[in-house]
$ cat start_36.txt   # compact mmCIF, C-alpha atoms
# COMPACT_ATOMS: atom_id res chain seq x y z
CA MET A 17 193.42 10.50 -36.98
CA MET A 18 193.33 10.83 -40.74
CA PRO A 19 192.25 14.50 -40.90
CA LEU A 20 195.20 15.42 -38.70
CA ALA A 21 197.59 13.38 -40.86
CA LEU A 22 196.14 15.09 -43.94
CA ASP A 23 196.79 18.51 -42.42
CA ILE A 24 200.39 17.61 -41.58
CA ALA A 25 200.94 16.15 -45.05
CA VAL A 26 199.54 19.24 -46.81
CA ALA A 27 201.76 21.47 -44.67
CA ALA A 28 204.86 19.38 -45.40
CA VAL A 29 204.21 19.33 -49.15
CA ALA A 30 203.56 23.08 -49.16
CA LEU A 31 206.85 23.65 -47.35
CA ALA A 32 208.63 21.44 -49.90
CA MET A 33 207.08 23.55 -52.67
CA LEU A 34 208.37 26.72 -51.02
CA LEU A 35 211.88 25.23 -50.97
CA CYS A 36 211.51 24.37 -54.67
CA ALA A 37 210.42 27.94 -55.34
CA PHE A 38 213.52 29.14 -53.51
CA ARG A 39 215.70 27.05 -55.81
CA LEU A 40 213.67 28.18 -58.82
CA PHE A 41 214.36 31.84 -58.11
CA ARG A 42 217.88 31.38 -56.79
CA GLY A 43 219.30 29.30 -59.64
CA PRO A 44 222.24 29.74 -60.10
CA GLU A 45 222.36 27.57 -63.23
CA VAL A 46 219.49 27.25 -65.67
CA THR A 47 219.46 23.48 -65.06
CA ASP A 48 218.86 24.16 -61.35
CA ARG A 49 215.73 26.06 -62.29
CA LEU A 50 214.67 23.22 -64.56
CA LEU A 51 215.19 20.71 -61.75
CA ALA A 52 213.21 22.93 -59.37
CA LEU A 53 210.37 23.14 -61.89
CA ASP A 54 210.32 19.37 -62.34
CA THR A 55 210.22 18.84 -58.56
CA LEU A 56 207.52 21.47 -58.26
CA TYR A 57 205.39 19.53 -60.74
CA ILE A 58 205.79 16.30 -58.74
CA ASN A 59 204.90 18.13 -55.54
CA VAL A 60 201.79 19.56 -57.22
CA VAL A 61 200.77 15.99 -58.04
CA ALA A 62 201.10 15.11 -54.35
CA LEU A 63 199.13 18.19 -53.33
CA VAL A 64 196.31 17.51 -55.79
CA VAL A 65 196.08 13.90 -54.58
CA LEU A 66 195.91 15.12 -50.98
CA LEU A 67 193.12 17.52 -51.92
CA GLY A 68 191.36 14.65 -53.66
CA ILE A 69 191.40 12.60 -50.45
CA ARG A 70 190.23 15.55 -48.40
CA GLN A 71 187.33 16.47 -50.69
CA GLN A 72 186.53 12.80 -51.33
CA THR A 73 186.32 13.12 -55.09
CA GLU A 74 187.73 10.90 -57.83
CA LEU A 75 187.93 13.73 -60.35
CA LEU A 76 191.03 15.30 -58.86
CA PHE A 77 193.05 12.08 -59.27
CA GLU A 78 192.63 12.32 -63.00
CA ALA A 79 193.68 15.95 -62.81
CA ALA A 80 196.81 14.76 -60.97
CA LEU A 81 197.51 12.27 -63.75
CA ILE A 82 197.34 15.09 -66.29
CA VAL A 83 199.62 17.29 -64.19
CA ALA A 84 202.14 14.43 -63.97
CA MET A 85 202.09 13.98 -67.75
CA LEU A 86 202.43 17.72 -68.44
CA GLY A 87 205.31 17.92 -65.99
CA PHE A 88 207.19 15.10 -67.66
CA VAL A 89 206.66 16.41 -71.18
CA SER A 90 207.69 19.96 -70.31
CA THR A 91 210.79 18.76 -68.46
CA VAL A 92 211.81 16.64 -71.44
CA ALA A 93 211.16 19.49 -73.87
CA LEU A 94 213.12 22.02 -71.80
CA ALA A 95 216.02 19.62 -71.20
CA ARG A 96 216.20 18.89 -74.92
CA TYR A 97 216.06 22.60 -75.67
CA LEU A 98 219.00 23.19 -73.33
CA THR A 99 220.97 20.31 -74.85
CA ARG A 100 220.23 20.77 -78.54
CA GLY A 101 219.07 24.34 -78.95
CA ASP A 102 215.73 23.21 -80.37
CA VAL A 103 212.96 20.83 -79.36
CA ILE A 104 211.94 19.22 -82.63
CA GLU A 105 214.60 18.67 -85.24
CA MET B 3 185.78 9.23 -43.75
CA ASP B 4 184.00 8.45 -40.49
CA THR B 5 183.37 4.73 -40.99
CA LEU B 6 186.96 3.59 -41.50
CA HIS B 7 188.35 0.70 -39.53
CA PRO B 8 190.87 2.07 -36.98
CA LEU B 9 193.68 -0.05 -38.41
CA VAL B 10 193.01 1.16 -41.96
CA ASP B 11 192.82 4.70 -40.66
CA ALA B 12 196.20 4.30 -38.94
CA LEU B 13 197.74 2.76 -42.08
CA ILE B 14 196.52 5.61 -44.29
CA SER B 15 197.73 8.22 -41.79
CA LEU B 16 201.13 6.53 -41.56
CA MET B 17 201.57 6.40 -45.34
CA LEU B 18 200.47 10.03 -45.66
CA ILE B 19 202.99 11.18 -43.05
CA ILE B 20 205.83 9.07 -44.50
CA GLY B 21 205.10 10.30 -48.02
CA ALA B 22 204.85 13.92 -47.03
CA LEU B 23 208.06 13.74 -44.98
CA PHE B 24 210.00 12.25 -47.90
CA THR B 25 208.61 14.95 -50.18
CA LEU B 26 209.83 17.52 -47.68
CA VAL B 27 213.25 15.83 -47.55
CA GLY B 28 213.41 16.12 -51.34
CA GLY B 29 212.69 19.84 -51.08
CA ILE B 30 215.29 20.34 -48.34
CA GLY B 31 217.90 18.49 -50.39
CA LEU B 32 217.09 20.61 -53.40
CA ALA B 33 217.59 23.79 -51.38
CA ARG B 34 220.59 22.63 -49.34
CA PHE B 35 223.09 20.82 -51.55
CA GLY B 36 226.03 22.65 -53.02
CA ASP B 37 226.08 21.75 -56.70
CA PHE B 38 223.62 20.76 -59.40
CA PHE B 39 224.50 17.07 -59.62
CA MET B 40 224.07 16.61 -55.88
CA ARG B 41 220.75 18.43 -55.98
CA LEU B 42 219.66 16.05 -58.71
CA HIS B 43 219.67 13.18 -56.18
CA ALA B 44 217.22 14.68 -53.73
CA PRO B 45 214.14 15.08 -55.96
CA THR B 46 214.65 11.98 -58.09
CA LYS B 47 214.65 9.71 -55.04
CA ALA B 48 212.95 11.32 -52.10
CA THR B 49 210.17 12.91 -54.11
CA THR B 50 209.36 9.75 -56.01
CA LEU B 51 208.95 7.71 -52.84
CA GLY B 52 207.26 10.69 -51.18
CA VAL B 53 204.60 10.98 -53.83
CA GLY B 54 204.51 7.18 -53.94
CA GLY B 55 203.63 7.12 -50.22
CA VAL B 56 200.88 9.71 -50.66
CA LEU B 57 199.49 7.78 -53.62
CA ILE B 58 199.54 4.48 -51.72
CA ALA B 59 197.56 6.21 -48.96
CA ALA B 60 195.08 7.46 -51.57
CA MET B 61 194.78 3.95 -53.02
CA VAL B 62 194.16 2.33 -49.64
CA TYR B 63 191.59 5.02 -48.90
CA SER B 64 189.82 4.33 -52.21
CA TRP B 65 189.71 0.61 -51.51
CA ALA B 66 188.55 1.15 -47.94
CA SER B 67 185.69 3.37 -49.09
CA GLY B 68 184.58 0.85 -51.69
CA ARG B 69 186.03 2.43 -54.83
CA PHE B 70 188.60 1.09 -57.23
CA GLY B 71 191.73 3.21 -56.83
CA VAL B 72 193.01 2.95 -60.36
CA PRO B 73 194.06 6.49 -61.36
CA GLU B 74 196.29 6.55 -58.27
CA LEU B 75 197.98 3.33 -59.39
CA LEU B 76 198.51 4.75 -62.87
CA ILE B 77 200.00 7.98 -61.46
CA THR B 78 202.40 5.99 -59.28
CA LEU B 79 203.55 3.83 -62.19
CA PHE B 80 203.87 6.85 -64.46
CA LEU B 81 206.01 8.75 -61.95
CA PHE B 82 208.26 5.76 -61.29
CA ILE B 83 208.84 5.28 -65.01
CA THR B 84 209.35 8.94 -65.94
CA ALA B 85 211.44 10.22 -63.00
CA PRO B 86 214.68 8.46 -64.08
CA VAL B 87 214.20 9.55 -67.69
CA SER B 88 213.83 13.22 -66.82
CA ALA B 89 216.75 12.98 -64.34
CA ASN B 90 218.90 11.51 -67.10
CA LEU B 91 217.90 14.26 -69.56
CA MET B 92 218.56 17.02 -67.02
CA ALA B 93 221.97 15.53 -66.19
CA LYS B 94 222.79 15.42 -69.90
CA ALA B 95 221.72 19.05 -70.31
CA ALA B 96 223.89 20.04 -67.35
CA LEU B 97 226.92 18.19 -68.72
CA HIS B 98 226.34 19.79 -72.10
CA LEU B 99 226.22 23.26 -70.53
CA LYS B 100 229.38 22.44 -68.49
CA VAL B 101 227.71 23.07 -65.15
CA GLN B 102 230.24 23.02 -62.30
CA SER B 103 230.38 19.84 -60.23
CA LYS B 104 232.10 19.29 -56.88
CA ALA B 105 233.20 15.88 -58.09
CA GLY B 106 235.08 17.50 -60.96
CA ARG B 107 234.29 17.06 -64.62
CA PRO B 108 234.12 13.44 -65.80
CA ALA B 109 237.14 12.67 -67.94
CA VAL B 110 235.38 10.49 -70.49
CA PHE B 111 232.89 13.15 -71.39
CA ASP B 112 235.13 15.92 -72.68
CA ASP B 113 235.48 14.80 -76.28
CA GLY B 114 232.08 13.34 -77.13
CA ALA B 115 229.50 15.84 -75.96
CA GLU B 116 226.85 14.76 -78.47
CA THR B 117 227.46 11.02 -78.70
CA SER B 118 224.78 9.92 -76.31
CA GLY B 119 221.49 11.25 -77.53
CA LYS B 120 220.16 7.83 -78.46
CA ARG B 121 217.92 7.07 -75.56
CA SER B 122 214.82 8.90 -76.65
CA MET C 30 216.87 2.86 -82.08
CA ALA C 31 218.34 1.76 -85.38
CA THR C 32 216.29 -1.43 -85.59
CA GLY C 33 213.18 0.46 -86.64
CA THR C 34 213.01 -0.47 -90.29
CA SER C 35 214.63 -3.89 -90.20
CA HIS C 36 211.55 -5.88 -89.21
CA PRO C 37 208.16 -5.90 -90.95
CA LYS C 38 205.06 -4.34 -89.45
CA ARG C 39 202.78 -7.00 -88.05
CA TRP C 40 199.56 -6.90 -86.10
CA LEU C 41 200.06 -7.84 -82.45
CA ALA C 42 203.84 -7.88 -82.62
CA HIS C 43 203.92 -6.84 -78.96
CA PRO C 44 201.17 -8.79 -77.21
CA PHE C 45 202.33 -7.78 -73.73
CA MET C 46 202.22 -4.08 -74.62
CA SER C 47 198.81 -4.45 -76.27
CA ALA C 48 197.52 -6.06 -73.07
CA ILE C 49 198.89 -3.20 -70.97
CA ILE C 50 197.33 -0.56 -73.24
CA ALA C 51 193.92 -2.26 -73.22
CA ALA C 52 194.07 -2.77 -69.45
CA SER C 53 195.02 0.84 -68.68
CA TRP C 54 192.30 2.18 -70.98
CA LEU C 55 189.63 0.05 -69.30
CA LEU C 56 190.94 0.94 -65.85
CA LEU C 57 190.96 4.66 -66.65
CA GLN C 58 187.35 4.47 -67.88
CA GLN C 59 186.49 2.24 -64.90
CA SER C 60 183.90 0.38 -66.92
CA PHE C 61 183.73 -2.78 -68.97
CA ALA C 62 180.83 -1.67 -71.18
CA VAL C 63 180.85 -2.66 -74.84
CA PRO C 64 181.96 0.74 -76.29
CA GLN C 65 184.91 0.83 -73.90
CA LEU C 66 185.85 -2.73 -74.80
CA ILE C 67 185.78 -1.87 -78.51
CA THR C 68 187.88 1.27 -77.98
CA ALA C 69 190.36 -0.69 -75.86
CA THR C 70 190.72 -3.35 -78.56
CA VAL C 71 191.24 -0.77 -81.30
CA LEU C 72 193.85 1.09 -79.25
CA ALA C 73 195.63 -2.13 -78.30
CA LEU C 74 195.87 -3.10 -81.97
CA LEU C 75 196.70 0.30 -83.43
CA LEU C 76 199.17 1.86 -80.98
CA PRO C 77 201.92 -0.82 -80.97
CA ARG C 78 201.70 -0.93 -84.78
CA ALA C 79 201.99 2.82 -85.09
CA LEU C 80 204.95 2.81 -82.70
CA ALA C 81 206.65 -0.21 -84.28
CA GLY C 82 209.65 1.88 -85.39
CA PHE C 83 210.41 2.92 -81.82
CA LEU C 84 209.81 -0.38 -80.09
CA GLY C 85 212.27 -2.67 -81.78
CA PRO C 86 211.93 -6.43 -81.72
CA GLN C 87 209.80 -8.25 -79.19
CA VAL C 88 211.70 -8.95 -75.97
CA LYS C 89 212.01 -12.58 -74.95
CA VAL C 90 212.24 -13.05 -71.22
CA SER C 91 214.25 -16.17 -70.47
CA SER C 92 213.70 -16.49 -66.74
CA TRP C 93 210.57 -15.25 -64.99
CA ALA C 94 211.92 -16.37 -61.62
CA THR C 95 214.78 -13.92 -62.05
CA VAL C 96 212.31 -11.17 -62.98
CA VAL C 97 210.44 -11.68 -59.70
CA ARG C 98 213.65 -11.84 -57.65
CA PHE C 99 215.06 -8.74 -59.40
CA THR C 100 211.84 -6.77 -58.82
CA GLY C 101 212.07 -7.64 -55.12
CA ILE C 102 215.71 -6.53 -54.91
CA VAL C 103 214.95 -3.23 -56.67
CA LEU C 104 211.87 -2.40 -54.55
CA TRP C 105 213.84 -3.12 -51.37
CA ASP C 106 216.76 -0.98 -52.59
CA ILE C 107 214.43 1.91 -53.44
CA VAL C 108 213.26 2.04 -49.81
CA VAL C 109 216.80 1.67 -48.44
CA SER C 110 218.17 4.31 -50.83
CA ASN C 111 215.49 6.78 -49.82
CA ILE C 112 216.38 6.37 -46.16
CA THR C 113 220.09 6.70 -46.98
CA VAL C 114 219.57 9.87 -49.01
CA ALA C 115 217.21 11.27 -46.36
CA LYS C 116 219.88 10.72 -43.69
CA ILE C 117 222.47 12.56 -45.77
CA VAL C 118 220.05 15.42 -46.49
CA LEU C 119 218.96 15.86 -42.88
CA ASN C 120 222.44 15.74 -41.36
CA PRO C 121 224.00 19.18 -41.85
CA ALA C 122 227.23 18.14 -40.10
CA ARG C 123 228.09 15.57 -42.74
CA GLU C 124 229.19 16.83 -46.13
CA PRO C 125 228.73 14.04 -48.70
CA GLN C 126 231.55 13.27 -51.11
CA PRO C 127 230.16 13.16 -54.65
CA ALA C 128 232.02 11.19 -57.30
CA TRP C 129 231.73 10.15 -60.93
CA VAL C 130 231.55 6.39 -61.34
CA PRO C 131 232.02 4.95 -64.83
CA VAL C 132 230.33 1.55 -65.04
CA PRO C 133 231.56 -0.61 -67.92
CA LEU C 134 228.75 -2.70 -69.40
CA ASP C 135 228.72 -6.36 -70.37
CA ILE C 136 225.01 -6.33 -71.20
CA ARG C 137 224.30 -5.55 -74.88
CA HIS C 138 220.51 -5.68 -75.22
CA PRO C 139 219.28 -2.05 -75.66
CA ASN C 140 216.20 -2.58 -73.47
CA GLY C 141 218.40 -4.17 -70.83
CA ILE C 142 220.73 -1.15 -70.85
CA ALA C 143 217.77 1.25 -70.58
CA LEU C 144 216.34 -0.75 -67.69
CA LEU C 145 219.72 -0.87 -65.95
CA ALA C 146 220.05 2.93 -66.24
CA THR C 147 216.54 3.35 -64.81
CA VAL C 148 217.29 1.00 -61.91
CA ILE C 149 220.56 2.81 -61.15
CA THR C 150 218.73 6.13 -60.94
CA THR C 151 216.06 4.81 -58.59
CA THR C 152 218.50 3.12 -56.17
CA PRO C 153 221.06 4.13 -53.51
CA GLY C 154 222.53 7.58 -54.03
CA THR C 155 223.23 7.13 -57.73
CA VAL C 156 221.96 8.82 -60.90
CA SER C 157 222.89 7.50 -64.31
CA CYS C 158 223.89 10.60 -66.26
CA VAL C 159 225.22 9.43 -69.61
CA ILE C 160 224.47 6.17 -71.38
CA ASP C 161 227.27 5.73 -73.87
CA GLU C 162 226.28 2.94 -76.23
CA ASP C 163 229.42 3.24 -78.31
CA ARG C 164 231.81 2.78 -75.41
CA HIS C 165 229.40 0.42 -73.61
CA GLU C 166 229.53 2.42 -70.46
CA ILE C 167 227.13 4.19 -68.12
CA LEU C 168 228.45 7.27 -66.38
CA VAL C 169 226.97 7.38 -62.89
CA HIS C 170 227.01 10.29 -60.47
CA ALA C 171 227.16 9.05 -56.87
CA LEU C 172 226.01 11.33 -54.06
CA ASP C 173 228.30 9.88 -51.42
CA CYS C 174 231.01 7.52 -52.56
CA SER C 175 234.59 7.05 -51.39
CA ASP C 176 235.47 4.09 -53.65
CA PRO C 177 234.15 4.41 -57.23
CA ALA C 178 235.61 1.08 -58.41
CA ALA C 179 233.92 -0.89 -55.63
CA MET C 180 230.62 0.88 -56.33
CA ALA C 181 230.83 0.05 -60.04
CA GLN C 182 231.50 -3.60 -59.18
CA ASP C 183 228.58 -3.58 -56.75
CA ILE C 184 226.22 -2.22 -59.43
CA LYS C 185 227.41 -4.87 -61.88
CA ASN C 186 226.94 -7.73 -59.43
CA ARG C 187 223.65 -6.57 -57.99
CA TYR C 188 221.77 -5.31 -61.06
CA GLU C 189 223.57 -6.12 -64.28
CA ARG C 190 223.91 -9.87 -63.68
CA PRO C 191 220.19 -10.55 -63.14
CA LEU C 192 219.36 -8.29 -66.09
CA ARG C 193 221.67 -10.31 -68.30
CA GLU C 194 219.96 -13.47 -67.11
CA ILE C 195 216.63 -11.92 -68.04
CA PHE C 196 217.48 -10.48 -71.45
CA GLU C 197 220.26 -12.66 -72.85
$ encode --input "start_36.txt" --output "structure tokens"
Amino acid sequence: MMPLALDIAVAAVALAMLLCAFRLFRGPEVTDRLLALDTLYINVVALVVLLGIRQQTELLFEAALIVAMLGFVSTVALARYLTRGDVIE
Amino acid sequence: MDTLHPLVDALISLMLIIGALFTLVGGIGLARFGDFFMRLHAPTKATTLGVGGVLIAAMVYSWASGRFGVPELLITLFLFITAPVSANLMAKAALHLKVQSKAGRPAVFDDGAETSGKRS
Amino acid sequence: MATGTSHPKRWLAHPFMSAIIAASWLLLQQSFAVPQLITATVLALLLPRALAGFLGPQVKVSSWATVVRFTGIVLWDIVVSNITVAKIVLNPAREPQPAWVPVPLDIRHPNGIALLATVITTTPGTVSCVIDEDRHEILVHALDCSDPAAMAQDIKNRYERPLREIFE
């Protein structure tokens, strides 16, 4: 049963990523694109974890941890840039 | 993957499906809602629980196959801690840029646009 | 936070945080060998000291029973809120009514306010957008809300009261 569930989950996450991409290209505000990018990062984490289960390797989970951290830092940096005009004062 | 107890297998499958569906709901909300502040709700909630579900499935799978699912636990905690912070920062950026909101513009915010940068 | 310079740097000023750092290092390495133990100890001692300016004074938790009860409430509300938001998202016939909800704060502890804002964001249909420490107010955006005053009161009763019991 698990392989089937994995397939469905990968498909659902991929569809969610497509919807994020739609919002990323559509905008209309720059913050919408930022939100789409942040969501895209979280979805990538989910996708990498799913791949990790499928390929039965521990390595990919650590990759997912790094993706999560990069996503958070870049969201914070971009949001600060939009608010303040610079990232580091 | 072939030696799992049927109950564990069912539990993992259920968590995977629930997680993936909530992730999808987050994506749909992001694409569907009419203004930025409404869109902000979909990913911050649905996606967090969605990824949480997937990660719980991964953790159970690790335990069931005799490993120690720690990175998954750390990812879950990290996402639950950081998601509200990034949502707050994005909302602040949107208010600063005067993004249109269907709920109108909050009255208290008009004079002090830079007063609230303390939570960093 | 403004409290950064007002208290002296000490070793192990934040024992709880040191424990978390050491534990997460060991768990990430997935080994309890001697080199990892040494690295974990060094990190647990150095990092809180290096970050002392950001951390502020050590938090004293007055009631652990409340902490457990509050964690339960929040976890339950996270699940409920996800189902609520999912229903709104998946029902194209129903247009939600967004609203701004100002929540006046009685809690004064900075960590308590930060935690309250976090909890608001992770629970039913609400995102805390602005934390105004001068006016003692959190500005919340609600996805679907017809009565902002009732929602503010609900947030205060459900989350702020236990947080005040914990921090004050």
$ interface_residues --input "start_36.txt" --of "chain A" --to "chain B" --cutoff "8 Å" --atoms "only C-alpha atoms" --output "VMD selection string"
chain A and resid 17 to 18 21 to 22 24 to 26 28 to 29 31 to 33 35 to 36 38 to 39 45 47 to 48 50 to 52 55 58 to 59 61 to 62 65 to 66 69 77 to 78 80 to 81 84 88 91 to 92 95 to 96 98 to 99
$ atom_distance --input "start_36.txt" --atom1 "CA of Val46 (chain A)" --atom2 "CA of Ile142 (chain C)"
28.9 Å
$ atom_distance --input "start_36.txt" --atom1 "CA of Trp129 (chain C)" --atom2 "CA of Cys158 (chain C)"
9.5 Å
$ interface_residues --input "start_36.txt" --of "chain C" --to "chain B" --cutoff "9 Å" --atoms "all atoms listed in the file" --output "ChimeraX atom specification"
/C:30,53,56-57,59,107-108,110-112,114-115,117-119,121,125-131,143,146-163,168,170-172
$ atom_distance --input "start_36.txt" --atom1 "CA of Phe196 (chain C)" --atom2 "CA of Gly141 (chain C)"
6.4 Å
$ decode --input "start_36.txt" --residues "region 59-79 of chain B" --atoms "N, CA, C and O atoms" --output "PDB file, in the first residue's frame"
ATOM      1  N   ALA B  59       5.213  10.661   8.672  1.00  0.00           N
ATOM      2  CA  ALA B  59       5.268   9.393   7.942  1.00  0.00           C
ATOM      3  C   ALA B  59       6.718   8.922   7.806  1.00  0.00           C
ATOM      4  O   ALA B  59       7.035   7.747   8.033  1.00  0.00           O
ATOM      5  N   ALA B  60       7.610   9.861   7.456  1.00  0.00           N
ATOM      6  CA  ALA B  60       9.023   9.501   7.291  1.00  0.00           C
ATOM      7  C   ALA B  60       9.615   9.008   8.597  1.00  0.00           C
ATOM      8  O   ALA B  60      10.400   8.057   8.629  1.00  0.00           O
ATOM      9  N   MET B  61       9.205   9.671   9.712  1.00  0.00           N
ATOM     10  CA  MET B  61       9.720   9.275  11.021  1.00  0.00           C
ATOM     11  C   MET B  61       9.263   7.871  11.383  1.00  0.00           C
ATOM     12  O   MET B  61      10.060   7.028  11.813  1.00  0.00           O
ATOM     13  N   VAL B  62       7.958   7.616  11.211  1.00  0.00           N
ATOM     14  CA  VAL B  62       7.424   6.287  11.529  1.00  0.00           C
ATOM     15  C   VAL B  62       8.120   5.231  10.673  1.00  0.00           C
ATOM     16  O   VAL B  62       8.477   4.148  11.158  1.00  0.00           O
ATOM     17  N   TYR B  63       8.357   5.578   9.410  1.00  0.00           N
ATOM     18  CA  TYR B  63       9.023   4.626   8.522  1.00  0.00           C
ATOM     19  C   TYR B  63      10.443   4.334   9.000  1.00  0.00           C
ATOM     20  O   TYR B  63      10.892   3.179   8.989  1.00  0.00           O
ATOM     21  N   SER B  64      11.147   5.400   9.446  1.00  0.00           N
ATOM     22  CA  SER B  64      12.504   5.198   9.974  1.00  0.00           C
ATOM     23  C   SER B  64      12.496   4.270  11.173  1.00  0.00           C
ATOM     24  O   SER B  64      13.287   3.338  11.263  1.00  0.00           O
ATOM     25  N   TRP B  65      11.550   4.547  12.108  1.00  0.00           N
ATOM     26  CA  TRP B  65      11.482   3.713  13.311  1.00  0.00           C
ATOM     27  C   TRP B  65      11.153   2.277  12.934  1.00  0.00           C
ATOM     28  O   TRP B  65      11.739   1.338  13.475  1.00  0.00           O
ATOM     29  N   ALA B  66      10.195   2.126  12.007  1.00  0.00           N
ATOM     30  CA  ALA B  66       9.745   0.784  11.650  1.00  0.00           C
ATOM     31  C   ALA B  66      10.867  -0.009  10.990  1.00  0.00           C
ATOM     32  O   ALA B  66      10.955  -1.224  11.151  1.00  0.00           O
ATOM     33  N   SER B  67      11.756   0.684  10.257  1.00  0.00           N
ATOM     34  CA  SER B  67      12.848  -0.040   9.611  1.00  0.00           C
ATOM     35  C   SER B  67      14.129   0.041  10.437  1.00  0.00           C
ATOM     36  O   SER B  67      15.225  -0.073   9.897  1.00  0.00           O
ATOM     37  N   GLY B  68      13.965   0.263  11.739  1.00  0.00           N
ATOM     38  CA  GLY B  68      15.076   0.108  12.668  1.00  0.00           C
ATOM     39  C   GLY B  68      16.083   1.240  12.687  1.00  0.00           C
ATOM     40  O   GLY B  68      17.157   1.108  13.247  1.00  0.00           O
ATOM     41  N   ARG B  69      15.734   2.405  12.089  1.00  0.00           N
ATOM     42  CA  ARG B  69      16.640   3.542  12.203  1.00  0.00           C
ATOM     43  C   ARG B  69      16.071   4.530  13.206  1.00  0.00           C
ATOM     44  O   ARG B  69      15.034   4.303  13.808  1.00  0.00           O
ATOM     45  N   PHE B  70      16.745   5.641  13.334  1.00  0.00           N
ATOM     46  CA  PHE B  70      16.460   6.576  14.407  1.00  0.00           C
ATOM     47  C   PHE B  70      16.090   7.895  13.751  1.00  0.00           C
ATOM     48  O   PHE B  70      16.953   8.692  13.468  1.00  0.00           O
ATOM     49  N   GLY B  71      14.800   8.093  13.453  1.00  0.00           N
ATOM     50  CA  GLY B  71      14.408   9.193  12.563  1.00  0.00           C
ATOM     51  C   GLY B  71      14.583  10.570  13.129  1.00  0.00           C
ATOM     52  O   GLY B  71      13.619  11.271  13.393  1.00  0.00           O
ATOM     53  N   VAL B  72      15.836  10.989  13.293  1.00  0.00           N
ATOM     54  CA  VAL B  72      16.086  12.267  13.950  1.00  0.00           C
ATOM     55  C   VAL B  72      16.050  13.474  13.011  1.00  0.00           C
ATOM     56  O   VAL B  72      15.421  14.468  13.326  1.00  0.00           O
ATOM     57  N   PRO B  73      16.719  13.413  11.826  1.00  0.00           N
ATOM     58  CA  PRO B  73      16.670  14.586  10.967  1.00  0.00           C
ATOM     59  C   PRO B  73      15.240  15.000  10.649  1.00  0.00           C
ATOM     60  O   PRO B  73      14.921  16.193  10.615  1.00  0.00           O
ATOM     61  N   GLU B  74      14.345  14.000  10.488  1.00  0.00           N
ATOM     62  CA  GLU B  74      12.944  14.330  10.214  1.00  0.00           C
ATOM     63  C   GLU B  74      12.347  15.152  11.350  1.00  0.00           C
ATOM     64  O   GLU B  74      11.671  16.163  11.123  1.00  0.00           O
ATOM     65  N   LEU B  75      12.638  14.715  12.588  1.00  0.00           N
ATOM     66  CA  LEU B  75      12.118  15.427  13.756  1.00  0.00           C
ATOM     67  C   LEU B  75      12.630  16.866  13.776  1.00  0.00           C
ATOM     68  O   LEU B  75      11.878  17.813  14.011  1.00  0.00           O
ATOM     69  N   LEU B  76      13.934  17.014  13.453  1.00  0.00           N
ATOM     70  CA  LEU B  76      14.517  18.361  13.464  1.00  0.00           C
ATOM     71  C   LEU B  76      13.893  19.230  12.383  1.00  0.00           C
ATOM     72  O   LEU B  76      13.620  20.411  12.603  1.00  0.00           O
ATOM     73  N   ILE B  77      13.647  18.648  11.182  1.00  0.00           N
ATOM     74  CA  ILE B  77      13.014  19.421  10.110  1.00  0.00           C
ATOM     75  C   ILE B  77      11.629  19.883  10.552  1.00  0.00           C
ATOM     76  O   ILE B  77      11.257  21.047  10.373  1.00  0.00           O
ATOM     77  N   THR B  78      10.853  18.962  11.146  1.00  0.00           N
ATOM     78  CA  THR B  78       9.504  19.323  11.596  1.00  0.00           C
ATOM     79  C   THR B  78       9.552  20.483  12.579  1.00  0.00           C
ATOM     80  O   THR B  78       8.845  21.487  12.411  1.00  0.00           O
ATOM     81  N   LEU B  79      10.405  20.360  13.600  1.00  0.00           N
ATOM     82  CA  LEU B  79      10.508  21.420  14.600  1.00  0.00           C
ATOM     83  C   LEU B  79      10.914  22.731  13.950  1.00  0.00           C
ATOM     84  O   LEU B  79      10.335  23.789  14.208  1.00  0.00           O
TER      85      LEU B  79
END
